Amino acid sequence: MSNASHTALDLPDEIARRRTFAIISHPDAGKTTLTEKFLLYGGAIQMAGQVRAKGEARRTRSDFMQMEKDRGISVSASAMSFDFGKYRFNLVDTPGHSDFSEDTYRTLTAVDAAIMVIDGAKGVESQTQKLFEVCRMRDLPILTFCNKMDRESRDTFEIIDEIQENLAIDVTPASWPIGVGRDFVGCYDILNDRLELMDRADRNKVAESVKIDGLDDPRLAEHVPAELLEQLKEELEMARELLPAFDRDAFLEGSMTPIWFGSAINSFGVKELMDGMGDYGPLPQVQTAQPRSISPDEKKVMGFVFKVQANMDPKHRDRVAFVRMASGHFKRGMKLTHVRSKKQMAISNPVLFLASDRELAEEAWAGDIIGIPNHGQLRIGDTLTEGEDIRVTGIPSFAPELLQSVRAGDPMKSKHLEKALMQFAEEGAAKVFKPAIGSGFIVGVVGALQFEVLASRIELEYGLPVRFGQSQFTSARWVTGPKDKVDAFVSINQQHISHDHNGDIVYMTRLQWDIDRVQRDYPELTLSATRELM
Ligand code: G4P
């Protein structure tokens, strides 16, 4: 993906106004609070709903699982669309817990930018760092929001230094905080020469904004105590000398991040951040694909599945494939070709995610995320086109690092368990292997917590208590090669062979030695730790 190219593209207005992004952060930095304020300003949720307990607000989002509520972790990702000024924002929610990295990586393939939220007192934390690295792999432009400035926080230069050092990215201040903790009065908006004053009395009130004509403007003294004003002037002068000025190209290439300071809970700094996303954020990007890349301005509709979620509504046993539109103007009822199966699908009930509700999508443009209810045909990595044989690439699949065997608590329910497991495999929540010999299944995940999540979901959604236990294998390798060679290999290694949910052949073992041996004895076969999603 080339970020530099999009400014040159002459996109139709409807596409050019779209901003599709995710928020990345360490748990507790304020992502939920910030999301809530975004939705509020986007008119997607009402003030009244927001004022109720935060727990309630959390439920207005994607959190429908008991486990999420109990443990306070966001397991399921969703997408939300709302208008802000002349822009259409598509916010894709990334699961925050480190154990869900696989899901998170894929989510980040569907966005054009990310907002990185950090806690002003804590700076760059471990999960922020990890997620940042993923964004970097894709050269995603990143806007930084330094949150909780209403509390004691670190020195502004120190925070900026830490980001520059730890993340190796240039930081340019978009705003500058005035005072800290109890004395925090607001920010100087560097990009627009404005003074933003925080209202501590009303958390939902948007900051008062005063137009300022440079740092010598007497209006500054009317609003900022003399001592703080002196400090602000000094710091801004230092910042000008020490820090780079905002450079949109550098930002779009992912080598510079503008930072805003604010307090999400006090609605402070949020609008400026949204303005920043709208005014400077990237337009829908060119999508890498085979045999050619897809430009958002192409007339023909194309899109790809980056996430599949089942049982979004426990009453309907449906699955929703989240599709990022890569090009064109989609209209409800269109027939699209499902490239993998070469079959046509009439997309009659596409869904747009409007904060708390799902709504039928009458149309969608490049950049949008729509949900397509289906019965399992649509899988992660699938491409939809108007007939062209083209496949979006770059959606990662991870090697399952932890394997466990799983059995239904009630042996009579083995078929049910199979169904549940296949569904989670298609969602990308786990890898599932059915051994060629014997009964039961082996489940592979990237992080240990995923076993717990699976057990809980299988019980909750299928009413099936399950038992995970030690597996006799610790490694899984997908086997590919000429059919006769694969067949010959399979027939004499039955005790090591399993099939994944696609029916693909997997070699399982405890020993690296076995893998080396197979590679030596069967040079025509390829053993890979992941199966490409394309
Ligand atoms: P997350 O999604 O990134 O995990 O963070 P979340 O928004 O849930 O916020 C984590 C905690 O930080 C919450 O407090 C939230 O109220 C608080 N918070 C968010 N923004 C700000 C801010 O600008 N200033 C201050 N001082 N706090 C902020 P909590 O105690 O966990 O929950 P609650 O009791 O507020 O519901």
# chains A, B, ... in the order shown; residues from 1 in each chain; ligands from 1
$ residues_around --residues "Lys130 (chain A)" --least-positions-apart "2" --cutoff "10 Å" --atoms "only C-alpha atoms" --output "list in words"
Ile24, Ser25, His26, Ser98, Ser101, Glu125, Ser126, Gln127, Thr128, Phe132, Glu133, Val134, Cys135, Arg136 and Leu167 of chain A
$ residues_near_ligand --ligand "ligand 1" --cutoff "6 Å" --atoms "only C-alpha atoms and all ligand atoms" --output "VMD selection string"
chain A and resid 27 to 33 54 147 to 148 150 to 151 263 to 266
$ write_last_selection --atoms "N, CA and C atoms" --output "mmCIF file, in the first residue's frame"
data_model
loop_
_atom_site.group_PDB
_atom_site.id
_atom_site.type_symbol
_atom_site.label_atom_id
_atom_site.label_comp_id
_atom_site.auth_asym_id
_atom_site.auth_seq_id
_atom_site.Cartn_x
_atom_site.Cartn_y
_atom_site.Cartn_z
ATOM 1 N N PRO A 27 -4.807 -1.242 27.555
ATOM 2 C CA PRO A 27 -6.042 -1.217 28.331
ATOM 3 C C PRO A 27 -6.017 -0.103 29.381
ATOM 4 N N ASP A 28 -7.134 0.575 29.517
ATOM 5 C CA ASP A 28 -7.317 1.616 30.531
ATOM 6 C C ASP A 28 -6.841 3.010 30.135
ATOM 7 N N ALA A 29 -6.271 3.134 28.958
ATOM 8 C CA ALA A 29 -5.783 4.455 28.553
ATOM 9 C C ALA A 29 -6.949 5.389 28.224
ATOM 10 N N GLY A 30 -8.108 4.797 27.872
ATOM 11 C CA GLY A 30 -9.273 5.636 27.603
ATOM 12 C C GLY A 30 -9.898 5.425 26.238
ATOM 13 N N LYS A 31 -9.625 4.297 25.621
ATOM 14 C CA LYS A 31 -10.172 4.039 24.285
ATOM 15 C C LYS A 31 -11.704 4.029 24.271
ATOM 16 N N THR A 32 -12.279 3.354 25.256
ATOM 17 C CA THR A 32 -13.739 3.273 25.313
ATOM 18 C C THR A 32 -14.353 4.655 25.483
ATOM 19 N N THR A 33 -13.771 5.411 26.391
ATOM 20 C CA THR A 33 -14.280 6.755 26.657
ATOM 21 C C THR A 33 -14.169 7.625 25.408
ATOM 22 N N LYS A 54 -21.154 4.023 32.742
ATOM 23 C CA LYS A 54 -20.281 3.651 31.643
ATOM 24 C C LYS A 54 -20.529 2.216 31.221
ATOM 25 N N ASN A 147 -4.122 11.293 26.650
ATOM 26 C CA ASN A 147 -5.357 11.420 27.431
ATOM 27 C C ASN A 147 -5.097 11.655 28.925
ATOM 28 N N LYS A 148 -6.159 11.959 29.606
ATOM 29 C CA LYS A 148 -6.178 12.134 31.078
ATOM 30 C C LYS A 148 -5.336 13.318 31.531
ATOM 31 N N ASP A 150 -6.381 15.927 32.642
ATOM 32 C CA ASP A 150 -7.002 16.553 33.811
ATOM 33 C C ASP A 150 -6.369 16.034 35.101
ATOM 34 N N ARG A 151 -5.581 14.942 34.964
ATOM 35 C CA ARG A 151 -4.917 14.400 36.152
ATOM 36 C C ARG A 151 -3.426 14.718 36.089
ATOM 37 N N SER A 263 -8.572 15.346 27.444
ATOM 38 C CA SER A 263 -9.179 14.532 28.492
ATOM 39 C C SER A 263 -10.491 14.007 27.947
ATOM 40 N N ALA A 264 -10.469 12.758 27.551
ATOM 41 C CA ALA A 264 -11.653 12.198 26.886
ATOM 42 C C ALA A 264 -12.877 12.304 27.780
ATOM 43 N N ILE A 265 -12.676 12.021 29.060
ATOM 44 C CA ILE A 265 -13.834 11.994 29.948
ATOM 45 C C ILE A 265 -14.458 13.377 30.089
ATOM 46 N N ASN A 266 -13.643 14.405 29.930
ATOM 47 C CA ASN A 266 -14.157 15.776 29.991
ATOM 48 C C ASN A 266 -14.492 16.329 28.607
#
$ closest_residue --among "A:Ser439, A:Asn349, A:Gln290, A:Thr509" --to "Glu388 (chain A)" --atoms "only C-alpha atoms"
A:Gln290
$ atom_distance --atom1 "CA of Tyr462 (chain A)" --atom2 "CA of Ala408 (chain A)"
11.2 Å
$ closest_residue --among "A:Arg477, A:His338, A:Arg138, A:Arg332" --to "Val506 (chain A)" --atoms "only C-alpha atoms"
A:Arg477
$ residues_around --residues "Leu236 (chain A)" --least-positions-apart "5" --cutoff "10 Å" --atoms "only C-alpha atoms" --output "VMD selection string"
chain A and resid 173 175 to 177 188 190 215 231 241 to 243
$ closest_residue --among "A:Leu195, A:Ile212, A:Leu403, A:Ala221" --to "Arg510 (chain A)" --atoms "only C-alpha atoms"
A:Leu403
$ closest_residue --among "A:Glu359, A:Asp279, A:Glu459, A:Glu253" --to "Pro141 (chain A)" --atoms "only C-alpha atoms"
A:Glu253
$ closest_residue --among "A:Ala366, A:Gly303, A:Ala310, A:Asp249" --to "Val339 (chain A)" --atoms "only C-alpha atoms"
A:Gly303
$ residues_around --residues "region 38-42 of chain A" --least-positions-apart "3" --cutoff "6 Å" --atoms "only C-alpha atoms" --output "NGL selection string"
:A and (35 or 45 or 82-84)
$ write_last_selection --atoms "N, CA and C atoms" --output "compact mmCIF listing (two decimals), in the first residue's frame"
# COMPACT_ATOMS: atom_id res chain seq x y z
N THR A 35 -14.00 6.60 22.29
CA THR A 35 -14.94 6.09 21.29
C THR A 35 -16.34 6.65 21.55
N ILE A 45 -24.83 8.41 19.13
CA ILE A 45 -25.54 8.08 20.36
C ILE A 45 -26.03 9.37 20.99
N PHE A 82 -20.26 6.90 11.36
CA PHE A 82 -20.98 8.12 11.74
C PHE A 82 -20.41 9.30 10.98
N ASP A 83 -21.25 10.33 10.87
CA ASP A 83 -20.81 11.54 10.18
C ASP A 83 -20.26 12.53 11.18
N PHE A 84 -19.23 13.23 10.77
CA PHE A 84 -18.68 14.31 11.59
C PHE A 84 -18.37 15.45 10.63
